[in-house]
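**Q** Sharing a structure here in structure tokens format.
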Amino acid sequence: MMPDPTPLVEMRHISKHFGGLQALTDAQLELYPGEVLGVLGHNGAGKSTLIKILAGAETASEGAIFVEGHEAHINDPNDARAYGIETIYQELALCGNLNAPANLYMGRELHKWGFLRKNAMKSEATKALSRLNIRIQSLDVEVESMSGGQRQAISISRAVHFDTKILIMDEPTAALGMEESKMVMEMTVELKKQGIGIIWISHDIHEVFNFTDRITILHGGKNVVTAPTKEFTQDEIVSMIISGIAVERGTSAAGG
Amino acid sequence: MRIPGIKSQPLVWILLVAVFLAIVLSFLSPFFMTVGNMTNLSKQVSIVAILAAGQAVVIISGGIDLSVGSILALSAVVIGALIQVDVDPVFATLAGLATGTLAGLVNGIVITRGNIPPFIATLGMLGIARGLALVITKGVSYQVLVPFFLYVGNAKFLGLPIPLYFVVVTYLVVAVMLHMTVFGRHVYAIGGDERVARLEGIPVDRQKVKIYMLSGFLAALAAVVMTGRLAATPPSVAQGIELQAIAAVIIGGVSFVGGRGIVLTALIGALIMAMITNGLNILGISSFYQQVLIGFVIIVAVWLDNLKSRK
């Protein structure tokens with residue numbers, strides 16, 4: 001895929017230290033519309049810190065974030081949302097005691113003078129779910145009684161419901177079975193078609209290799225490589241994650 | 001197939017229990033279903049019922065308010081003290097309501113800003129508010145013999161005692177708040193999963209402060225009714241009543257874990273407790289046994305609730 005000239009997100013020279021611990025050093029990230037960018041690295045490689053900074057859960061010690069070419073000041077999750085950045089967490093962040101529309105609109109309820117517009121939210125939720133081909137028997141049912149896949153589907157439709165441009169998916173399939181993971185990936189492809197930029201974080205190399213357009217690998221808080229996924233083999237990706245040393249391009253094609 | 005209106009089911013169940021209890025008691029004693037006794041019962045239930053409405057909201061949000069009895073006493077004492085210096089009873093009432101709301105505000109701030117668990121924060125307020133009530137009065141009970149409060153405590157309107165109207169209005173307003181407003185939705189979300197609520201941008205701290213303010217306000221409203229009924233404001237009034245309010249909420253079937261239940265069941269819970277007390281009084285059974293029985297009822301109510309949810 002040919003990237004657009006202006007990235008949706010550009011994170012430049014991001015550094016972050018927690019006291020004496022240097023979590024990120026001069027890290028970079030670019031995300032273009034309609035692509036899936038895999039962010040890879042060990043535990044402690046800095047990928048979750050980098051993503052948290054974008055999502056507003058952490059703030060960078062140094063560096064700048066640009067959203068669609070303009071500098072963005074993201075200090076908390078609500079700031080990130082205002083820039084169209086939404087995050088989906090692996091641990092299924094829904095209130096189990098509430099139904100799908102209530103979860104979809106949580107914190108952003110439709111109301112008139114403080115009174116909930118339940119019917120409006122229900123019909124909007126129906127539309128939002130059908131847009132992503134999600135089938136749910138009844139919208140009045142508590143989310144708790146639904147399967148993991150259905151709940152993740154609700155999380156995703158919530159994340160993309162509010163004019164989202166950038167979607168961070170932090171191990172979105174980790175808690176799911178195979179069928180359900182497939183469903184989540186199908187939904188993600190659908191979002192990609194709508195021009196949303198997706199950051200995909202996963203430990204499943206096979207999944208990343210087959211599913212992402214580009215990858216960026218972090219090691220020790222620094223970028224190792226950022227390139228189209230298919231320039232490397234799975235083994236090379238694994239070795240870069242472990243060693244932190246970039247494989248020279250082209251050499252992989254020669255084979256052994 | 002799913003039965004529509006599944007949320008109203010707990011109300012139906014607890015209502016059936018209450019009706020069954022009423023029928024049994026009316027068979028056991030001819031005095032139970034008399035107008036006089038019903039009037040009496042509704043007065044008895046009114047204080048706990050008003051407190052239980054606030055407590056239900058707090059418990060649904062995943063918290064607890066142990067201070068309502070003390071806040072009631074403090075608010076009553078403020079009213080009594082102002083009446084002593086010939087302040088207009090309406091103004092005294094407003095001052096009492098403000099006192100309770102302020103105490104609730106303090107609870108809310110201590111819980112959210114101080115990051116202190118509701119049990120501890122309101123346990124502290126239980127001591128503070130009761131102590132202040134004693135400090136203000138030096139332990140003396142003020143008499144409140146102004147017509148306004150005598151009317152509130154003893155008069156009838158359209159054949160029904162005034163405290164009953166306080167209860168009805170309280171439950172109508174709280175039910176609307178809880179089930180139809182953004183605030184109510186946030187109460188359920190916070191009780192369901194506070195972390196998620198925060199992550200999704202709900203102003204959790206602000207809503208919690210409002211929740212404890214509501215509970216404090218309702219404790220003060222109960223103080224107005226109490227002042228009317230007693231025609232006095234003893235600083236030791238309503239000791240331990242918070243446990244009755246909590247019991248009413250639990251018997252009504254509101255989950256102690258939070259996030260579940262409806263406020264109306266707390267009213268029925270309060271009614272069931274009052275009927276047990278009242279019925280056993282009429283039957284001439286010692287009040288010692290009443291405590292034992294209510295203790296059993298609380299445990300059985302939660303046990304039945306567990307059975308239902310395990311299905």
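How things are named: the first chain in the structure tokens is A, the next is B, and so on; residues count from 1 in each chain; ligands count from 1 in the order shown.
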Listing only residues of chain B within 10 Å of chain A, what is the closest atom pair and its distance in Å (to one decimal) for each, using only C-alpha atoms, sorted by chain and residue number ascending, as a Markdown table?

**A**
```
| residue | atom | partner | partner_atom | distance |
| --- | --- | --- | --- | --- |
| B:Arg2 | CA | A:Ser138 | CA | 9.3 |
| B:Pro4 | CA | A:Asp140 | CA | 9.1 |
| B:Gly5 | CA | A:Asp140 | CA | 9.0 |
| B:Ile6 | CA | A:Val141 | CA | 9.1 |
| B:Lys7 | CA | A:Asp140 | CA | 9.9 |
| B:Val176 | CA | A:Phe115 | CA | 9.0 |
| B:Met177 | CA | A:Phe115 | CA | 8.4 |
| B:His179 | CA | A:Leu116 | CA | 8.7 |
| B:Met180 | CA | A:Leu116 | CA | 5.6 |
| B:Thr181 | CA | A:Phe115 | CA | 4.2 |
| B:Val182 | CA | A:Gly114 | CA | 5.6 |
| B:Phe183 | CA | A:Gly114 | CA | 7.5 |
| B:Gly184 | CA | A:Leu116 | CA | 9.2 |
| B:Arg185 | CA | A:Ala102 | CA | 7.9 |
| B:His186 | CA | A:Gly107 | CA | 7.7 |
| B:Tyr188 | CA | A:Leu98 | CA | 7.7 |
| B:Ala189 | CA | A:Cys95 | CA | 6.2 |
| B:Ile190 | CA | A:Cys95 | CA | 8.6 |
| B:Gly191 | CA | A:Asn97 | CA | 8.7 |
| B:Gly192 | CA | A:Cys95 | CA | 5.6 |
| B:Asp193 | CA | A:Cys95 | CA | 5.6 |
| B:Glu194 | CA | A:Cys95 | CA | 8.6 |
| B:Arg195 | CA | A:Ala93 | CA | 8.5 |
| B:Val196 | CA | A:Ala93 | CA | 5.6 |
| B:Ala197 | CA | A:Gly107 | CA | 7.3 |
| B:Arg198 | CA | A:Gly107 | CA | 8.5 |
| B:Leu199 | CA | A:Pro77 | CA | 7.5 |
| B:Glu200 | CA | A:Gly107 | CA | 5.7 |
| B:Gly201 | CA | A:Gly107 | CA | 5.1 |
| B:Ile202 | CA | A:Gly107 | CA | 4.5 |
| B:Pro203 | CA | A:Gly107 | CA | 7.9 |
| B:Val204 | CA | A:Gly107 | CA | 9.7 |
| B:Gly258 | CA | A:Asn97 | CA | 9.3 |
| B:Gly259 | CA | A:Asn97 | CA | 6.2 |
| B:Arg260 | CA | A:Asn97 | CA | 7.0 |
```

**Q** Env of Leu25 of chain B: 12 Å cut, atoms = only C-alpha atoms, seq-sep filter 4 positions within chain, self excluded. Answer as JSON, numbers by chain.

**A** {"B": [18, 19, 20, 21, 29, 30, 31, 32, 33, 34, 37, 272, 275, 276, 277, 278, 279, 280, 281, 282, 283]}

**Q** Take the residues that were just selected and, keeping N, CA, C and O atoms, output them as a PDB file, in the first residue's frame.

**A**
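The resulting file, selection.pdb, is shown below:
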```pdb
ATOM      1  N   ALA B  18     -44.183  -9.404  50.618  1.00  0.00           N
ATOM      2  CA  ALA B  18     -44.805  -8.405  51.494  1.00  0.00           C
ATOM      3  C   ALA B  18     -46.307  -8.648  51.623  1.00  0.00           C
ATOM      4  O   ALA B  18     -46.862  -8.602  52.723  1.00  0.00           O
ATOM      5  N   VAL B  19     -46.959  -8.920  50.493  1.00  0.00           N
ATOM      6  CA  VAL B  19     -48.403  -9.168  50.497  1.00  0.00           C
ATOM      7  C   VAL B  19     -48.715 -10.426  51.306  1.00  0.00           C
ATOM      8  O   VAL B  19     -49.634 -10.451  52.138  1.00  0.00           O
ATOM      9  N   PHE B  20     -47.913 -11.462  51.103  1.00  0.00           N
ATOM     10  CA  PHE B  20     -48.087 -12.716  51.838  1.00  0.00           C
ATOM     11  C   PHE B  20     -47.991 -12.465  53.343  1.00  0.00           C
ATOM     12  O   PHE B  20     -48.830 -12.918  54.126  1.00  0.00           O
ATOM     13  N   LEU B  21     -46.977 -11.683  53.721  1.00  0.00           N
ATOM     14  CA  LEU B  21     -46.769 -11.368  55.133  1.00  0.00           C
ATOM     15  C   LEU B  21     -47.972 -10.600  55.697  1.00  0.00           C
ATOM     16  O   LEU B  21     -48.450 -10.888  56.803  1.00  0.00           O
ATOM     17  N   SER B  29     -54.044 -11.626  63.542  1.00  0.00           N
ATOM     18  CA  SER B  29     -54.596 -10.614  64.446  1.00  0.00           C
ATOM     19  C   SER B  29     -55.612  -9.734  63.724  1.00  0.00           C
ATOM     20  O   SER B  29     -55.319  -9.183  62.660  1.00  0.00           O
ATOM     21  N   PRO B  30     -56.800  -9.579  64.307  1.00  0.00           N
ATOM     22  CA  PRO B  30     -57.820  -8.723  63.684  1.00  0.00           C
ATOM     23  C   PRO B  30     -57.435  -7.248  63.720  1.00  0.00           C
ATOM     24  O   PRO B  30     -57.994  -6.443  62.987  1.00  0.00           O
ATOM     25  N   PHE B  31     -56.451  -6.911  64.531  1.00  0.00           N
ATOM     26  CA  PHE B  31     -56.084  -5.497  64.651  1.00  0.00           C
ATOM     27  C   PHE B  31     -55.110  -5.046  63.560  1.00  0.00           C
ATOM     28  O   PHE B  31     -54.917  -3.871  63.362  1.00  0.00           O
ATOM     29  N   PHE B  32     -54.476  -6.016  62.892  1.00  0.00           N
ATOM     30  CA  PHE B  32     -53.420  -5.647  61.955  1.00  0.00           C
ATOM     31  C   PHE B  32     -53.938  -4.768  60.823  1.00  0.00           C
ATOM     32  O   PHE B  32     -53.370  -3.734  60.510  1.00  0.00           O
ATOM     33  N   MET B  33     -55.032  -5.196  60.201  1.00  0.00           N
ATOM     34  CA  MET B  33     -55.520  -4.485  59.008  1.00  0.00           C
ATOM     35  C   MET B  33     -56.481  -3.342  59.329  1.00  0.00           C
ATOM     36  O   MET B  33     -57.320  -2.998  58.514  1.00  0.00           O
ATOM     37  N   THR B  34     -56.366  -2.768  60.515  1.00  0.00           N
ATOM     38  CA  THR B  34     -57.246  -1.645  60.843  1.00  0.00           C
ATOM     39  C   THR B  34     -56.600  -0.342  60.369  1.00  0.00           C
ATOM     40  O   THR B  34     -55.378  -0.265  60.194  1.00  0.00           O
ATOM     41  N   ASN B  37     -53.977   0.986  62.771  1.00  0.00           N
ATOM     42  CA  ASN B  37     -52.680   0.310  62.737  1.00  0.00           C
ATOM     43  C   ASN B  37     -51.915   0.608  61.459  1.00  0.00           C
ATOM     44  O   ASN B  37     -50.694   0.746  61.462  1.00  0.00           O
ATOM     45  N   ILE B 272     -41.468  -4.595  54.921  1.00  0.00           N
ATOM     46  CA  ILE B 272     -41.449  -5.955  55.476  1.00  0.00           C
ATOM     47  C   ILE B 272     -40.896  -5.929  56.907  1.00  0.00           C
ATOM     48  O   ILE B 272     -41.470  -6.534  57.818  1.00  0.00           O
ATOM     49  N   MET B 275     -43.448  -4.399  59.144  1.00  0.00           N
ATOM     50  CA  MET B 275     -44.589  -5.292  59.371  1.00  0.00           C
ATOM     51  C   MET B 275     -44.242  -6.377  60.384  1.00  0.00           C
ATOM     52  O   MET B 275     -45.080  -6.752  61.211  1.00  0.00           O
ATOM     53  N   ILE B 276     -43.035  -6.878  60.313  1.00  0.00           N
ATOM     54  CA  ILE B 276     -42.611  -7.903  61.273  1.00  0.00           C
ATOM     55  C   ILE B 276     -42.642  -7.319  62.685  1.00  0.00           C
ATOM     56  O   ILE B 276     -43.249  -7.887  63.605  1.00  0.00           O
ATOM     57  N   THR B 277     -42.028  -6.140  62.819  1.00  0.00           N
ATOM     58  CA  THR B 277     -41.999  -5.485  64.133  1.00  0.00           C
ATOM     59  C   THR B 277     -43.421  -5.212  64.627  1.00  0.00           C
ATOM     60  O   THR B 277     -43.803  -5.575  65.746  1.00  0.00           O
ATOM     61  N   ASN B 278     -44.198  -4.583  63.752  1.00  0.00           N
ATOM     62  CA  ASN B 278     -45.555  -4.191  64.104  1.00  0.00           C
ATOM     63  C   ASN B 278     -46.426  -5.415  64.407  1.00  0.00           C
ATOM     64  O   ASN B 278     -47.134  -5.452  65.421  1.00  0.00           O
ATOM     65  N   GLY B 279     -46.326  -6.418  63.552  1.00  0.00           N
ATOM     66  CA  GLY B 279     -47.149  -7.624  63.719  1.00  0.00           C
ATOM     67  C   GLY B 279     -46.827  -8.338  65.015  1.00  0.00           C
ATOM     68  O   GLY B 279     -47.732  -8.730  65.768  1.00  0.00           O
ATOM     69  N   LEU B 280     -45.543  -8.459  65.319  1.00  0.00           N
ATOM     70  CA  LEU B 280     -45.154  -9.150  66.550  1.00  0.00           C
ATOM     71  C   LEU B 280     -45.563  -8.345  67.777  1.00  0.00           C
ATOM     72  O   LEU B 280     -45.935  -8.919  68.803  1.00  0.00           O
ATOM     73  N   ASN B 281     -45.531  -7.017  67.653  1.00  0.00           N
ATOM     74  CA  ASN B 281     -46.025  -6.179  68.755  1.00  0.00           C
ATOM     75  C   ASN B 281     -47.493  -6.455  69.030  1.00  0.00           C
ATOM     76  O   ASN B 281     -47.901  -6.621  70.180  1.00  0.00           O
ATOM     77  N   ILE B 282     -48.277  -6.465  67.935  1.00  0.00           N
ATOM     78  CA  ILE B 282     -49.714  -6.695  68.081  1.00  0.00           C
ATOM     79  C   ILE B 282     -49.973  -8.064  68.703  1.00  0.00           C
ATOM     80  O   ILE B 282     -50.843  -8.230  69.553  1.00  0.00           O
ATOM     81  N   LEU B 283     -49.171  -9.049  68.301  1.00  0.00           N
ATOM     82  CA  LEU B 283     -49.356 -10.403  68.810  1.00  0.00           C
ATOM     83  C   LEU B 283     -48.786 -10.551  70.219  1.00  0.00           C
ATOM     84  O   LEU B 283     -48.889 -11.622  70.822  1.00  0.00           O
TER      85      LEU B 283
END
```

**Q** If we count only C-alpha atoms and set the cut-off at 12 Å, which residues sit around Ala155 of chain B, ignoring sequence neighbours fewer than 5 positions away in its own chain? Please answer as a PyMOL selection string.

**A** chain B and resi 39+43+147-150+160-165+225+228-229

**Q** Take the residues just selected and output them with all heavy atoms as a compact mmCIF listing (two decimals), in the first residue's frame.

**A**
```txt
# COMPACT_ATOMS: atom_id res chain seq x y z
N THR B 39 -52.08 3.34 59.73
CA THR B 39 -51.55 4.69 59.90
C THR B 39 -50.27 4.64 60.72
O THR B 39 -49.25 5.23 60.38
CB THR B 39 -52.59 5.59 60.61
OG1 THR B 39 -53.79 5.54 59.87
CG2 THR B 39 -52.10 7.02 60.71
N LYS B 43 -46.32 5.44 59.59
CA LYS B 43 -45.47 6.40 60.30
C LYS B 43 -44.17 5.73 60.73
O LYS B 43 -43.10 6.30 60.63
CB LYS B 43 -46.19 6.94 61.52
CG LYS B 43 -47.19 8.04 61.22
CD LYS B 43 -47.64 8.64 62.54
CE LYS B 43 -48.96 9.37 62.39
NZ LYS B 43 -49.49 9.70 63.72
N PRO B 147 -46.39 24.67 65.16
CA PRO B 147 -47.43 23.99 64.37
C PRO B 147 -46.90 23.28 63.12
O PRO B 147 -47.36 22.20 62.78
CB PRO B 147 -48.37 25.14 63.98
CG PRO B 147 -48.11 26.22 64.96
CD PRO B 147 -46.70 26.06 65.43
N PHE B 148 -45.91 23.92 62.47
CA PHE B 148 -45.38 23.36 61.22
C PHE B 148 -44.92 21.91 61.42
O PHE B 148 -45.30 21.00 60.68
CB PHE B 148 -44.21 24.23 60.74
CG PHE B 148 -43.50 23.72 59.53
CD1 PHE B 148 -44.00 23.94 58.26
CD2 PHE B 148 -42.31 23.00 59.65
CE1 PHE B 148 -43.34 23.47 57.13
CE2 PHE B 148 -41.64 22.52 58.54
CZ PHE B 148 -42.16 22.75 57.28
N PHE B 149 -44.11 21.68 62.47
CA PHE B 149 -43.58 20.34 62.69
C PHE B 149 -44.63 19.38 63.25
O PHE B 149 -44.62 18.19 62.93
CB PHE B 149 -42.33 20.39 63.59
CG PHE B 149 -41.13 20.88 62.85
CD1 PHE B 149 -40.67 22.18 63.02
CD2 PHE B 149 -40.48 20.05 61.95
CE1 PHE B 149 -39.57 22.63 62.31
CE2 PHE B 149 -39.38 20.50 61.24
CZ PHE B 149 -38.93 21.80 61.42
N LEU B 150 -45.54 19.92 64.06
CA LEU B 150 -46.62 19.07 64.57
C LEU B 150 -47.48 18.58 63.41
O LEU B 150 -47.96 17.44 63.39
CB LEU B 150 -47.47 19.84 65.59
CG LEU B 150 -46.70 20.25 66.86
CD1 LEU B 150 -47.60 21.02 67.82
CD2 LEU B 150 -46.13 19.01 67.56
N LEU B 160 -54.49 10.35 54.61
CA LEU B 160 -53.21 9.64 54.77
C LEU B 160 -52.24 10.50 55.57
O LEU B 160 -52.20 11.72 55.40
CB LEU B 160 -52.61 9.32 53.41
CG LEU B 160 -53.44 8.37 52.53
CD1 LEU B 160 -52.87 8.34 51.12
CD2 LEU B 160 -53.48 6.97 53.13
N PRO B 161 -51.45 9.86 56.45
CA PRO B 161 -50.51 10.64 57.27
C PRO B 161 -49.45 11.34 56.41
O PRO B 161 -49.00 10.79 55.40
CB PRO B 161 -49.87 9.59 58.18
CG PRO B 161 -50.18 8.28 57.58
CD PRO B 161 -51.41 8.44 56.76
N ILE B 162 -49.08 12.52 56.82
CA ILE B 162 -48.13 13.35 56.07
C ILE B 162 -46.79 12.63 55.79
O ILE B 162 -46.28 12.70 54.68
CB ILE B 162 -47.89 14.70 56.78
CG1 ILE B 162 -49.20 15.51 56.84
CG2 ILE B 162 -46.79 15.51 56.11
CD1 ILE B 162 -49.71 16.01 55.51
N PRO B 163 -46.21 11.93 56.81
CA PRO B 163 -44.93 11.26 56.53
C PRO B 163 -44.98 10.35 55.31
O PRO B 163 -43.99 10.19 54.59
CB PRO B 163 -44.65 10.47 57.80
CG PRO B 163 -45.34 11.24 58.87
CD PRO B 163 -46.59 11.78 58.23
N LEU B 164 -46.17 9.77 55.08
CA LEU B 164 -46.33 8.89 53.92
C LEU B 164 -46.07 9.64 52.62
O LEU B 164 -45.47 9.10 51.68
CB LEU B 164 -47.74 8.30 53.93
CG LEU B 164 -47.94 7.03 53.11
CD1 LEU B 164 -47.00 5.93 53.56
CD2 LEU B 164 -49.39 6.57 53.23
N TYR B 165 -46.47 10.91 52.58
CA TYR B 165 -46.24 11.70 51.36
C TYR B 165 -44.74 11.96 51.16
O TYR B 165 -44.27 11.96 50.04
CB TYR B 165 -47.01 13.02 51.44
CG TYR B 165 -48.50 12.84 51.30
CD1 TYR B 165 -49.32 12.73 52.42
CD2 TYR B 165 -49.08 12.73 50.04
CE1 TYR B 165 -50.68 12.54 52.29
CE2 TYR B 165 -50.45 12.54 49.89
CZ TYR B 165 -51.24 12.45 51.03
OH TYR B 165 -52.58 12.24 50.89
N VAL B 225 -39.06 14.71 59.33
CA VAL B 225 -40.19 13.87 59.71
C VAL B 225 -40.07 13.44 61.17
O VAL B 225 -41.03 13.49 61.94
CB VAL B 225 -40.28 12.63 58.78
CG1 VAL B 225 -41.40 11.70 59.23
CG2 VAL B 225 -40.48 13.06 57.34
N GLY B 228 -40.95 16.15 63.58
CA GLY B 228 -42.39 16.29 63.64
C GLY B 228 -43.03 15.22 64.51
O GLY B 228 -43.92 15.50 65.32
N ARG B 229 -42.56 14.01 64.35
CA ARG B 229 -43.18 12.90 65.09
C ARG B 229 -42.88 12.98 66.58
O ARG B 229 -43.72 12.67 67.41
CB ARG B 229 -42.68 11.57 64.53
CG ARG B 229 -43.41 11.18 63.25
CD ARG B 229 -43.13 9.75 62.89
NE ARG B 229 -43.40 8.86 64.01
CZ ARG B 229 -42.83 7.68 64.17
NH1 ARG B 229 -41.95 7.26 63.30
NH2 ARG B 229 -43.14 6.92 65.19
```

**Q** Please report, as a PyMOL selection string, each residue of segment 137-259 of chain B to which DSSP assigns strand (DSSP E) when run on this structure's backbone.

**A** chain B and resi 142-143+156-157+160-161+232-233

**Q** Could those residues be written to a file, using C-alpha atoms, as an mmCIF file, in the first residue's frame?

**A**
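File out-v8.cif, as written:
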```cif
data_model
loop_
_atom_site.group_PDB
_atom_site.id
_atom_site.type_symbol
_atom_site.label_atom_id
_atom_site.label_comp_id
_atom_site.auth_asym_id
_atom_site.auth_seq_id
_atom_site.Cartn_x
_atom_site.Cartn_y
_atom_site.Cartn_z
ATOM 1 C CA TYR B 142 -34.942 20.484 72.482
ATOM 2 C CA GLN B 143 -38.714 20.654 72.348
ATOM 3 C CA LYS B 156 -53.299 13.750 57.671
ATOM 4 C CA PHE B 157 -53.908 14.885 54.149
ATOM 5 C CA LEU B 160 -53.213 9.642 54.772
ATOM 6 C CA PRO B 161 -50.514 10.636 57.267
ATOM 7 C CA ALA B 232 -38.430 17.183 70.002
ATOM 8 C CA THR B 233 -34.866 16.679 68.794
#
```

**Q** Compile the contact shell of Ala121 of chain B as a list in words: residues with an atom at most 10 Å away, counting only C-alpha atoms, same-chain residues fewer than 3 positions apart removed.

**A**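 In the requested format, the answer is Ile64, Asp65, Leu66, Ser67, Val106, Asn107, Gly108, Ile109, Val110, Ile111, Gly114, Asn115, Ile116, Pro117, Pro118, Gly124, Met125 and Leu126 of chain B.
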
**Q** Would you kindly return, as a list of chain:residue names, each protein, DNA or RNA residue with an atom no farther than 10 Å from any atom of Ser147 of chain A, considering only C-alpha atoms and excluding same-chain residues fewer than 6 positions away?

**A**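 Here the qualifying residues turn out to be A:Ala153, A:Leu176, A:Glu180.
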
**Q** Write out as a PyMOL selection string the residues lying within 9 Å of segment 186-193 of chain A, counting only C-alpha atoms and excluding same-chain residues fewer than 5 positions away.

**A** chain A and resi 33-36+132-134+153+156+160+181+198

**Q** I'd like to know which of B:Gly253, B:Gly216, B:Gly96, B:Gly127 is closest to Val78 of chain B, using only C-alpha atoms.

**A**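 For Val78 of chain B, the nearest of the candidates is B:Gly96.
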
**Q** Which residue out of A:Gly220, A:Gly197, A:Ile136, A:Ala128 has the minimum interatomic distance to Tyr32 of chain A when only C-alpha atoms are used?

**A**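 Closest residue, counting only C-alpha atoms: A:Gly197.
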
**Q** Check the smallest atom-to-atom distance from each of B:Met226, B:Ala274, B:Ile262, B:Val58 to Val12 of chain B using only C-alpha atoms, then report the winner.

**A**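 Ranked by minimum distance to Val12 of chain B, first place goes to B:Ile262.
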
**Q** What is the distance, in Å and to one decimal place, between atom CA of Met38 of chain B and atom CA of Phe166 of chain B?

**A**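 Atom CA of Phe166 of chain B lies 16.2 Å from atom CA of Met38 of chain B.
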